[in-house]
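Participant: Once you've had a glance at the structure underneath, I'll fire off some questions.
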Amino acid sequence: MKDIGFSHLDWNLLRSFVTIAQSSSITDAAQRLCLTQPAVSGCLKRLEEQVGYRLIERSSTMFELTEAGRRLLHEAIDITAAVSRLPASLGEAEKVLTGEATIVLASHVESPEFDAALACFHQRHPQVGLTLKVEASREGLAMVAAKRADMAVCVVGDSNLQLEYTLLFQEHFGLYCGPSHPLFGREDLSVSDLNGFASVGYLAESSNRALHELTALRQRCGLKPDLVGRSHNLEEIKRMIIAGFGIGPLPVHVVERDCAAGRLWRLPPFEGTPQAGVYVVTQPAALRTRIADELHRVFSEQVAAHPPESRIYGGADPAPEQGRGARPRPLAV
């Protein structure tokens with residue numbers, strides 16, 4: 001490469017470039033970085049100006065790394081990994097980490113990466129106590145911003161630019177009914193068959209932009225606009241659906257076992273379903289405590305170890321025995 005002058009290279013631009021380069025488009029990168037498309041395009045342009053090379057060929061039909069972009073990505077991945085290891089290296093003098101950690105998470109977080117990160121953190125730091133709090137996503141973000149929690153794992157609508165976001169997984173939502181519902185067990189349904197039925201939903205649908213699609217789905221299916229049941233908690237939404245209050249949206253991968261057990265039945269549509277990103281949210285590196293930094297490091301390692309496509313849950317149209325429900329087994333409700 002040319003003589004770039006790396007003493008003036010913006011680290012944040014380099015870190016953002018790794019995400020941009022591993023995305024399928026500027027739009028995709030903007031979603032992962034929780035930034036606007038113009039902001040992401042601006043980051044890429046400034047980095048190209050600093051290094052003196054065009055890094056990505058992009059148009060309405062093309063989004064490909066140039067040779068310079070591929071070489072920079074290779075080096076940038078090594079650099080980001082090395083930087084992420086610095087706190088641990090500098091903290092060798094204080095090898096035993098003690099104290100308390102608090103993670104606030106949404107009620108529907110079900111992810112092997114999340115579970116593996118917790119196990120890894122405990123193995124590395126067995127003397128750190130961990131508190132898991134289930135709260136609405138908005139409350140979780142507020143707690144991290146106010147330093148009342150070390151990390152939040154939640155659905156992000158409007159991002160706070162003072163916080164740092166890492167996409168943990170992407171989940172698809174489906175519509176479900178319970179055993180006492182007239183549509184339960186029927187495989188011959190279309191979207192129009194849902195017209196006029198009552199529904200339940202999330203309190204955060206009106207305030208969390210990431211959940212607006214659930215309201216749009218309800219309107220698309222002609223469900224009654226006034227909800228007969230609401231909650232911040234997925235388990236309570238599921239409880240109301242099973243109890244027969246009405247049709248409601250649930251993350252597909254979270255309720256597969258309930259469908260197989262005959263407690264829930266998935267309804268159309270099965271394509272073009274709403275989806276939401278669940279993010280790991282922390283203070284920026286300069287403001288994190290050592291415990292929060294260790295949590296962030298462990299979760300980042302798990303995310304990096306699994307490609308984005310493997311962290312998209314519930315997107316395929318399942319076979320009846322896998323997702324819509326086994327043969328109906330009515331429950332006493």
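All residue names refer to the structure tokens as shown: chains lettered A, B, ... in order, residues numbered from 1 in each chain, ligands numbered from 1 in order.
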Could you pull the residues within 8 Å of range 222-226 of chain A, counting only C-alpha atoms, minus those fewer than 2 positions along the same chain, as number ranges by chain?
Facilitator: A: 192, 194-199, 218-220, 228
Participant: Produce a table with one row for each residue of range 210-278 of chain A that has an atom at most 12 Å from any atom of range 158-174 of chain A, each row naming the nearest atom pair and its distance in Å at one decimal; use only C-alpha atoms; arrange rows by chain and rising residue number; format as JSON lines.
Facilitator:
{"residue": "A:Ala210", "atom": "CA", "partner": "A:Asp158", "partner_atom": "CA", "distance": 8.1}
{"residue": "A:Leu211", "atom": "CA", "partner": "A:Phe173", "partner_atom": "CA", "distance": 10.0}
{"residue": "A:His212", "atom": "CA", "partner": "A:Asp158", "partner_atom": "CA", "distance": 11.9}
{"residue": "A:Glu213", "atom": "CA", "partner": "A:Phe173", "partner_atom": "CA", "distance": 9.6}
{"residue": "A:Leu214", "atom": "CA", "partner": "A:Phe173", "partner_atom": "CA", "distance": 8.1}
{"residue": "A:Thr215", "atom": "CA", "partner": "A:Phe173", "partner_atom": "CA", "distance": 11.8}
{"residue": "A:Leu217", "atom": "CA", "partner": "A:Gly174", "partner_atom": "CA", "distance": 9.4}
{"residue": "A:Arg218", "atom": "CA", "partner": "A:Gly174", "partner_atom": "CA", "distance": 10.8}
{"residue": "A:Cys221", "atom": "CA", "partner": "A:Gly174", "partner_atom": "CA", "distance": 11.9}
{"residue": "A:Leu234", "atom": "CA", "partner": "A:Phe173", "partner_atom": "CA", "distance": 11.8}
{"residue": "A:Ile247", "atom": "CA", "partner": "A:Gly174", "partner_atom": "CA", "distance": 10.2}
{"residue": "A:Gly248", "atom": "CA", "partner": "A:Gly174", "partner_atom": "CA", "distance": 8.2}
{"residue": "A:Pro249", "atom": "CA", "partner": "A:Gly174", "partner_atom": "CA", "distance": 5.4}
{"residue": "A:Leu250", "atom": "CA", "partner": "A:Phe173", "partner_atom": "CA", "distance": 5.3}
{"residue": "A:Pro251", "atom": "CA", "partner": "A:Phe173", "partner_atom": "CA", "distance": 4.3}
{"residue": "A:Val252", "atom": "CA", "partner": "A:Phe173", "partner_atom": "CA", "distance": 5.4}
{"residue": "A:His253", "atom": "CA", "partner": "A:Glu171", "partner_atom": "CA", "distance": 7.6}
{"residue": "A:Val254", "atom": "CA", "partner": "A:Glu171", "partner_atom": "CA", "distance": 9.2}
{"residue": "A:Val255", "atom": "CA", "partner": "A:Gly174", "partner_atom": "CA", "distance": 9.7}
{"residue": "A:Glu256", "atom": "CA", "partner": "A:Gly174", "partner_atom": "CA", "distance": 10.9}
{"residue": "A:Cys259", "atom": "CA", "partner": "A:Gly174", "partner_atom": "CA", "distance": 11.7}
{"residue": "A:Leu264", "atom": "CA", "partner": "A:Gly174", "partner_atom": "CA", "distance": 11.2}
{"residue": "A:Trp265", "atom": "CA", "partner": "A:Gly174", "partner_atom": "CA", "distance": 10.0}
{"residue": "A:Arg266", "atom": "CA", "partner": "A:Gly174", "partner_atom": "CA", "distance": 6.8}
{"residue": "A:Leu267", "atom": "CA", "partner": "A:Gly174", "partner_atom": "CA", "distance": 7.3}
{"residue": "A:Pro268", "atom": "CA", "partner": "A:Gly174", "partner_atom": "CA", "distance": 7.7}
{"residue": "A:Pro269", "atom": "CA", "partner": "A:Gly174", "partner_atom": "CA", "distance": 7.5}
{"residue": "A:Phe270", "atom": "CA", "partner": "A:Gly174", "partner_atom": "CA", "distance": 7.2}
{"residue": "A:Glu271", "atom": "CA", "partner": "A:Gly174", "partner_atom": "CA", "distance": 9.3}
{"residue": "A:Gly272", "atom": "CA", "partner": "A:His172", "partner_atom": "CA", "distance": 9.2}
{"residue": "A:Thr273", "atom": "CA", "partner": "A:Phe173", "partner_atom": "CA", "distance": 6.2}
{"residue": "A:Pro274", "atom": "CA", "partner": "A:Phe173", "partner_atom": "CA", "distance": 5.5}
{"residue": "A:Gln275", "atom": "CA", "partner": "A:His172", "partner_atom": "CA", "distance": 4.2}
{"residue": "A:Ala276", "atom": "CA", "partner": "A:Glu171", "partner_atom": "CA", "distance": 5.6}
{"residue": "A:Gly277", "atom": "CA", "partner": "A:Gln170", "partner_atom": "CA", "distance": 4.4}
{"residue": "A:Val278", "atom": "CA", "partner": "A:Phe169", "partner_atom": "CA", "distance": 5.5}
Participant: I need the chosen residues saved as an mmCIF file, in the first residue's frame, with N, CA and C atoms.
Facilitator:
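Output below, filename selection.cif:
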data_model
loop_
_atom_site.group_PDB
_atom_site.id
_atom_site.type_symbol
_atom_site.label_atom_id
_atom_site.label_comp_id
_atom_site.auth_asym_id
_atom_site.auth_seq_id
_atom_site.Cartn_x
_atom_site.Cartn_y
_atom_site.Cartn_z
ATOM 1 N N ALA A 210 -37.961 -1.206 16.460
ATOM 2 C CA ALA A 210 -37.647 -2.529 15.944
ATOM 3 C C ALA A 210 -38.859 -3.463 15.970
ATOM 4 N N LEU A 211 -39.872 -3.133 16.779
ATOM 5 C CA LEU A 211 -41.058 -3.985 16.893
ATOM 6 C C LEU A 211 -42.261 -3.436 16.137
ATOM 7 N N HIS A 212 -42.086 -2.335 15.414
ATOM 8 C CA HIS A 212 -43.201 -1.766 14.658
ATOM 9 C C HIS A 212 -43.746 -2.755 13.635
ATOM 10 N N GLU A 213 -42.872 -3.634 13.112
ATOM 11 C CA GLU A 213 -43.311 -4.587 12.100
ATOM 12 C C GLU A 213 -44.384 -5.533 12.634
ATOM 13 N N LEU A 214 -44.405 -5.748 13.934
ATOM 14 C CA LEU A 214 -45.414 -6.628 14.511
ATOM 15 C C LEU A 214 -46.796 -6.002 14.394
ATOM 16 N N THR A 215 -46.868 -4.697 14.605
ATOM 17 C CA THR A 215 -48.129 -3.990 14.421
ATOM 18 C C THR A 215 -48.557 -4.033 12.960
ATOM 19 N N LEU A 217 -47.798 -6.355 10.819
ATOM 20 C CA LEU A 217 -48.233 -7.718 10.521
ATOM 21 C C LEU A 217 -49.676 -7.925 10.978
ATOM 22 N N ARG A 218 -50.005 -7.419 12.135
ATOM 23 C CA ARG A 218 -51.366 -7.547 12.656
ATOM 24 C C ARG A 218 -52.360 -6.879 11.701
ATOM 25 N N CYS A 221 -52.874 -8.867 8.427
ATOM 26 C CA CYS A 221 -53.712 -10.060 8.572
ATOM 27 C C CYS A 221 -55.148 -9.731 8.931
ATOM 28 N N LEU A 234 -42.225 -12.016 27.117
ATOM 29 C CA LEU A 234 -42.623 -13.020 26.133
ATOM 30 C C LEU A 234 -43.396 -14.167 26.788
ATOM 31 N N ILE A 247 -54.714 -14.336 18.976
ATOM 32 C CA ILE A 247 -53.528 -14.627 18.171
ATOM 33 C C ILE A 247 -52.420 -13.644 18.557
ATOM 34 N N GLY A 248 -51.172 -14.135 18.594
ATOM 35 C CA GLY A 248 -50.089 -13.236 18.966
ATOM 36 C C GLY A 248 -48.771 -13.611 18.330
ATOM 37 N N PRO A 249 -47.831 -12.647 18.258
ATOM 38 C CA PRO A 249 -46.513 -12.879 17.652
ATOM 39 C C PRO A 249 -45.505 -13.381 18.670
ATOM 40 N N LEU A 250 -44.728 -14.386 18.264
ATOM 41 C CA LEU A 250 -43.673 -14.947 19.108
ATOM 42 C C LEU A 250 -42.461 -15.280 18.243
ATOM 43 N N PRO A 251 -41.254 -15.205 18.790
ATOM 44 C CA PRO A 251 -40.071 -15.610 18.022
ATOM 45 C C PRO A 251 -40.156 -17.097 17.665
ATOM 46 N N VAL A 252 -39.979 -17.409 16.389
ATOM 47 C CA VAL A 252 -40.197 -18.774 15.894
ATOM 48 C C VAL A 252 -39.303 -19.776 16.618
ATOM 49 N N HIS A 253 -38.023 -19.446 16.776
ATOM 50 C CA HIS A 253 -37.099 -20.432 17.344
ATOM 51 C C HIS A 253 -37.335 -20.660 18.834
ATOM 52 N N VAL A 254 -37.941 -19.688 19.495
ATOM 53 C CA VAL A 254 -38.139 -19.804 20.938
ATOM 54 C C VAL A 254 -39.278 -20.766 21.278
ATOM 55 N N VAL A 255 -40.286 -20.861 20.390
ATOM 56 C CA VAL A 255 -41.492 -21.624 20.736
ATOM 57 C C VAL A 255 -41.613 -22.930 19.953
ATOM 58 N N GLU A 256 -40.520 -23.390 19.357
ATOM 59 C CA GLU A 256 -40.594 -24.643 18.595
ATOM 60 C C GLU A 256 -41.040 -25.805 19.473
ATOM 61 N N CYS A 259 -44.735 -25.732 20.120
ATOM 62 C CA CYS A 259 -45.498 -26.206 18.961
ATOM 63 C C CYS A 259 -45.481 -27.737 18.898
ATOM 64 N N LEU A 264 -49.008 -24.685 21.125
ATOM 65 C CA LEU A 264 -49.153 -23.567 20.205
ATOM 66 C C LEU A 264 -49.292 -24.107 18.793
ATOM 67 N N TRP A 265 -49.914 -23.306 17.929
ATOM 68 C CA TRP A 265 -50.045 -23.645 16.513
ATOM 69 C C TRP A 265 -49.665 -22.420 15.700
ATOM 70 N N ARG A 266 -48.721 -22.613 14.767
ATOM 71 C CA ARG A 266 -48.295 -21.472 13.952
ATOM 72 C C ARG A 266 -49.274 -21.224 12.820
ATOM 73 N N LEU A 267 -49.552 -19.933 12.597
ATOM 74 C CA LEU A 267 -50.507 -19.484 11.580
ATOM 75 C C LEU A 267 -49.775 -18.740 10.470
ATOM 76 N N PRO A 268 -50.403 -18.617 9.288
ATOM 77 C CA PRO A 268 -49.780 -17.810 8.233
ATOM 78 C C PRO A 268 -49.779 -16.333 8.643
ATOM 79 N N PRO A 269 -48.879 -15.560 7.998
ATOM 80 C CA PRO A 269 -48.009 -15.916 6.865
ATOM 81 C C PRO A 269 -46.733 -16.624 7.333
ATOM 82 N N PHE A 270 -46.143 -17.395 6.417
ATOM 83 C CA PHE A 270 -44.906 -18.113 6.719
ATOM 84 C C PHE A 270 -43.708 -17.521 5.984
ATOM 85 N N GLU A 271 -43.957 -16.567 5.116
ATOM 86 C CA GLU A 271 -42.880 -15.870 4.399
ATOM 87 C C GLU A 271 -43.003 -14.379 4.643
ATOM 88 N N GLY A 272 -41.890 -13.691 4.517
ATOM 89 C CA GLY A 272 -41.887 -12.246 4.731
ATOM 90 C C GLY A 272 -42.270 -11.865 6.144
ATOM 91 N N THR A 273 -41.908 -12.707 7.095
ATOM 92 C CA THR A 273 -42.295 -12.460 8.484
ATOM 93 C C THR A 273 -41.408 -11.388 9.127
ATOM 94 N N PRO A 274 -41.928 -10.695 10.132
ATOM 95 C CA PRO A 274 -41.122 -9.659 10.797
ATOM 96 C C PRO A 274 -39.886 -10.253 11.447
ATOM 97 N N GLN A 275 -38.851 -9.441 11.536
ATOM 98 C CA GLN A 275 -37.643 -9.876 12.206
ATOM 99 C C GLN A 275 -37.069 -8.729 13.018
ATOM 100 N N ALA A 276 -36.291 -9.076 14.015
ATOM 101 C CA ALA A 276 -35.678 -8.064 14.879
ATOM 102 C C ALA A 276 -34.290 -8.531 15.271
ATOM 103 N N GLY A 277 -33.389 -7.586 15.412
ATOM 104 C CA GLY A 277 -32.036 -7.897 15.857
ATOM 105 C C GLY A 277 -31.930 -7.807 17.372
ATOM 106 N N VAL A 278 -31.286 -8.779 17.960
ATOM 107 C CA VAL A 278 -31.013 -8.762 19.400
ATOM 108 C C VAL A 278 -29.534 -8.438 19.567
#
Participant: In Å to one decimal, how far is CA of Gly315 in chain A from CA of Leu132 in chain A?
Facilitator: 27.8 Å
Participant: Step one, run DSSP on the backbone; step two, keep only residues of range 73-253 of chain A assigned to helix (DSSP H, G or I); then write them as a PyMOL selection string.
Facilitator: chain A and resi 73-90+112-124+137-145+191-194+203-206+209-220+234-242
Participant: For the strand (DSSP E or B) assignment from backbone DSSP, which residues of range 76-238 of chain A qualify? Please present them as an MDAnalysis selection string.
Facilitator: chainID A and resid 99:105 128:134 151:155 164:177 199:202 229:231
Participant: Please measure the separation of CA of Ala29 in chain A and CA of Val156 in chain A, giving the value in Å to one decimal.
Facilitator: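 Here the two named atoms are 15.2 Å from each other.
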Participant: Taking only C-alpha atoms into account, which of A:Ala152, A:Leu33, A:Ala106, A:Leu97 comes nearest Thr289 in chain A?
Facilitator: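 Of all the options, A:Leu97 lies closest to Thr289 in chain A.
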Participant: Nearest to Ser59 in chain A among A:Ala39, A:Ala243, A:Met151, A:Ile26, with distances taken over only C-alpha atoms: which residue is it?
Facilitator: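 For Ser59 in chain A, the nearest of the given residues is A:Ile26.
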Participant: Any idea what the distance is between CA of Ser180 in chain A and CA of Gly244 in chain A?
Facilitator: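 Atom-to-atom, CA of Ser180 in chain A and CA of Gly244 in chain A are spaced 5.8 Å apart.
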Participant: Extract, using only C-alpha atoms, all DNA, RNA and protein residues at most 8 Å from Leu203 in chain A, discarding same-chain residues fewer than 5 positions from it, and format them as JSON, numbers by chain.
Facilitator: {"A": [230, 231, 232]}
Participant: For a quick check of understanding, using only C-alpha atoms, which of A:Tyr176, A:Gln123, A:Glu113, A:Arg257 has the smallest distance to His306 in chain A?
Facilitator: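 That would be A:Glu113, the residue with the smallest distance to His306 in chain A.
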Participant: Show me, as a PyMOL selection string, the residues that have an atom within 12 Å of Ser25 in chain A when counting only C-alpha atoms, minus same-chain residues fewer than 6 positions from it.
Facilitator: chain A and resi 19+31-32+37+40-41+56-65
Participant: Tell me which of A:Gly157, A:Gly314, A:Pro182, A:Gly42 sits closest to Ala136 in chain A, counting only C-alpha atoms.
Facilitator: A:Gly157
Participant: From the list A:Val155, A:Cys120, A:Leu287, A:Ile241, which residue is nearest Cys177 in chain A when using only C-alpha atoms?
Facilitator: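 Smallest separation from Cys177 in chain A among the options: A:Ile241.
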Participant: For range 67-83 of chain A, please output as a PDB file with N, CA and C atoms, in the first residue's frame all residues within 10 Å (counting only C-alpha atoms; exclusion window: fewer than 2 positions along the same chain).
Facilitator:
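Generated file (around-v7.pdb):
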ATOM      1  N   MET A   1       0.826  -1.195   0.000  1.00  0.00           N
ATOM      2  CA  MET A   1       0.000   0.000   0.000  1.00  0.00           C
ATOM      3  C   MET A   1       0.871   1.259   0.000  1.00  0.00           C
ATOM      4  N   TRP A  11      -9.043   4.690  14.480  1.00  0.00           N
ATOM      5  CA  TRP A  11      -9.330   3.320  14.899  1.00  0.00           C
ATOM      6  C   TRP A  11     -10.804   2.977  14.723  1.00  0.00           C
ATOM      7  N   LEU A  14     -11.550   1.992  11.220  1.00  0.00           N
ATOM      8  CA  LEU A  14     -11.036   0.658  10.899  1.00  0.00           C
ATOM      9  C   LEU A  14     -11.938  -0.422  11.479  1.00  0.00           C
ATOM     10  N   ARG A  15     -12.396  -0.208  12.709  1.00  0.00           N
ATOM     11  CA  ARG A  15     -13.284  -1.178  13.321  1.00  0.00           C
ATOM     12  C   ARG A  15     -14.614  -1.249  12.566  1.00  0.00           C
ATOM     13  N   SER A  16     -15.141  -0.099  12.152  1.00  0.00           N
ATOM     14  CA  SER A  16     -16.387  -0.088  11.382  1.00  0.00           C
ATOM     15  C   SER A  16     -16.191  -0.764  10.029  1.00  0.00           C
ATOM     16  N   PHE A  17     -15.000  -0.602   9.445  1.00  0.00           N
ATOM     17  CA  PHE A  17     -14.739  -1.199   8.142  1.00  0.00           C
ATOM     18  C   PHE A  17     -14.858  -2.712   8.191  1.00  0.00           C
ATOM     19  N   VAL A  18     -14.427  -3.331   9.285  1.00  0.00           N
ATOM     20  CA  VAL A  18     -14.538  -4.787   9.402  1.00  0.00           C
ATOM     21  C   VAL A  18     -15.997  -5.204   9.271  1.00  0.00           C
ATOM     22  N   THR A  19     -16.893  -4.497   9.936  1.00  0.00           N
ATOM     23  CA  THR A  19     -18.319  -4.811   9.841  1.00  0.00           C
ATOM     24  C   THR A  19     -18.846  -4.536   8.439  1.00  0.00           C
ATOM     25  N   ILE A  20     -18.460  -3.404   7.864  1.00  0.00           N
ATOM     26  CA  ILE A  20     -18.924  -3.056   6.515  1.00  0.00           C
ATOM     27  C   ILE A  20     -18.474  -4.117   5.515  1.00  0.00           C
ATOM     28  N   ALA A  21     -17.210  -4.523   5.612  1.00  0.00           N
ATOM     29  CA  ALA A  21     -16.655  -5.487   4.660  1.00  0.00           C
ATOM     30  C   ALA A  21     -17.310  -6.851   4.785  1.00  0.00           C
ATOM     31  N   GLN A  22     -17.807  -7.176   5.952  1.00  0.00           N
ATOM     32  CA  GLN A  22     -18.443  -8.473   6.176  1.00  0.00           C
ATOM     33  C   GLN A  22     -19.949  -8.422   5.976  1.00  0.00           C
ATOM     34  N   GLU A  48     -11.300   5.478   3.139  1.00  0.00           N
ATOM     35  CA  GLU A  48     -10.682   5.407   1.808  1.00  0.00           C
ATOM     36  C   GLU A  48      -9.786   6.618   1.568  1.00  0.00           C
ATOM     37  N   VAL A  51      -6.504   5.987   3.688  1.00  0.00           N
ATOM     38  CA  VAL A  51      -5.568   4.976   3.191  1.00  0.00           C
ATOM     39  C   VAL A  51      -5.154   5.235   1.745  1.00  0.00           C
ATOM     40  N   GLY A  52      -5.923   6.061   1.027  1.00  0.00           N
ATOM     41  CA  GLY A  52      -5.557   6.406  -0.335  1.00  0.00           C
ATOM     42  C   GLY A  52      -5.961   5.383  -1.377  1.00  0.00           C
ATOM     43  N   TYR A  53      -6.879   4.473  -1.032  1.00  0.00           N
ATOM     44  CA  TYR A  53      -7.337   3.452  -1.973  1.00  0.00           C
ATOM     45  C   TYR A  53      -8.855   3.315  -1.892  1.00  0.00           C
ATOM     46  N   ARG A  54      -9.461   2.944  -3.001  1.00  0.00           N
ATOM     47  CA  ARG A  54     -10.863   2.559  -2.975  1.00  0.00           C
ATOM     48  C   ARG A  54     -10.937   1.147  -2.407  1.00  0.00           C
ATOM     49  N   LEU A  55     -11.769   0.948  -1.410  1.00  0.00           N
ATOM     50  CA  LEU A  55     -11.803  -0.322  -0.687  1.00  0.00           C
ATOM     51  C   LEU A  55     -12.965  -1.216  -1.088  1.00  0.00           C
ATOM     52  N   ILE A  56     -14.083  -0.620  -1.496  1.00  0.00           N
ATOM     53  CA  ILE A  56     -15.267  -1.397  -1.889  1.00  0.00           C
ATOM     54  C   ILE A  56     -15.867  -0.797  -3.153  1.00  0.00           C
ATOM     55  N   GLU A  57     -16.066  -1.646  -4.156  1.00  0.00           N
ATOM     56  CA  GLU A  57     -16.792  -1.235  -5.351  1.00  0.00           C
ATOM     57  C   GLU A  57     -18.274  -1.379  -5.047  1.00  0.00           C
ATOM     58  N   GLU A  64     -18.649  -5.177  -3.570  1.00  0.00           N
ATOM     59  CA  GLU A  64     -17.540  -6.120  -3.516  1.00  0.00           C
ATOM     60  C   GLU A  64     -16.264  -5.417  -3.051  1.00  0.00           C
ATOM     61  N   LEU A  65     -15.477  -6.132  -2.277  1.00  0.00           N
ATOM     62  CA  LEU A  65     -14.182  -5.616  -1.846  1.00  0.00           C
ATOM     63  C   LEU A  65     -13.226  -5.545  -3.027  1.00  0.00           C
ATOM     64  N   ARG A  85      -7.433  -7.783  22.912  1.00  0.00           N
ATOM     65  CA  ARG A  85      -6.679  -8.527  23.924  1.00  0.00           C
ATOM     66  C   ARG A  85      -5.872  -7.621  24.851  1.00  0.00           C
ATOM     67  N   LEU A  86      -5.756  -6.338  24.511  1.00  0.00           N
ATOM     68  CA  LEU A  86      -4.910  -5.443  25.295  1.00  0.00           C
ATOM     69  C   LEU A  86      -5.316  -5.349  26.760  1.00  0.00           C
ATOM     70  N   PRO A  87      -6.606  -5.159  27.074  1.00  0.00           N
ATOM     71  CA  PRO A  87      -6.950  -5.040  28.497  1.00  0.00           C
ATOM     72  C   PRO A  87      -6.525  -6.261  29.301  1.00  0.00           C
ATOM     73  N   ALA A  88      -6.714  -7.444  28.729  1.00  0.00           N
ATOM     74  CA  ALA A  88      -6.312  -8.654  29.450  1.00  0.00           C
ATOM     75  C   ALA A  88      -4.806  -8.678  29.651  1.00  0.00           C
ATOM     76  N   SER A  89      -4.064  -8.263  28.616  1.00  0.00           N
ATOM     77  CA  SER A  89      -2.611  -8.253  28.723  1.00  0.00           C
ATOM     78  C   SER A  89      -2.140  -7.255  29.778  1.00  0.00           C
ATOM     79  N   ARG A 297     -15.698  -8.803  25.988  1.00  0.00           N
ATOM     80  CA  ARG A 297     -14.715  -9.586  25.253  1.00  0.00           C
ATOM     81  C   ARG A 297     -15.233 -11.005  24.988  1.00  0.00           C
ATOM     82  N   SER A 300     -18.040 -10.948  22.436  1.00  0.00           N
ATOM     83  CA  SER A 300     -17.499 -10.629  21.108  1.00  0.00           C
ATOM     84  C   SER A 300     -16.810 -11.836  20.495  1.00  0.00           C
ATOM     85  N   GLU A 301     -16.123 -12.609  21.309  1.00  0.00           N
ATOM     86  CA  GLU A 301     -15.466 -13.823  20.812  1.00  0.00           C
ATOM     87  C   GLU A 301     -16.491 -14.820  20.292  1.00  0.00           C
ATOM     88  N   ALA A 304     -17.884 -13.505  16.967  1.00  0.00           N
ATOM     89  CA  ALA A 304     -16.891 -13.618  15.895  1.00  0.00           C
ATOM     90  C   ALA A 304     -16.703 -15.062  15.448  1.00  0.00           C
TER      91      ALA A 304
END
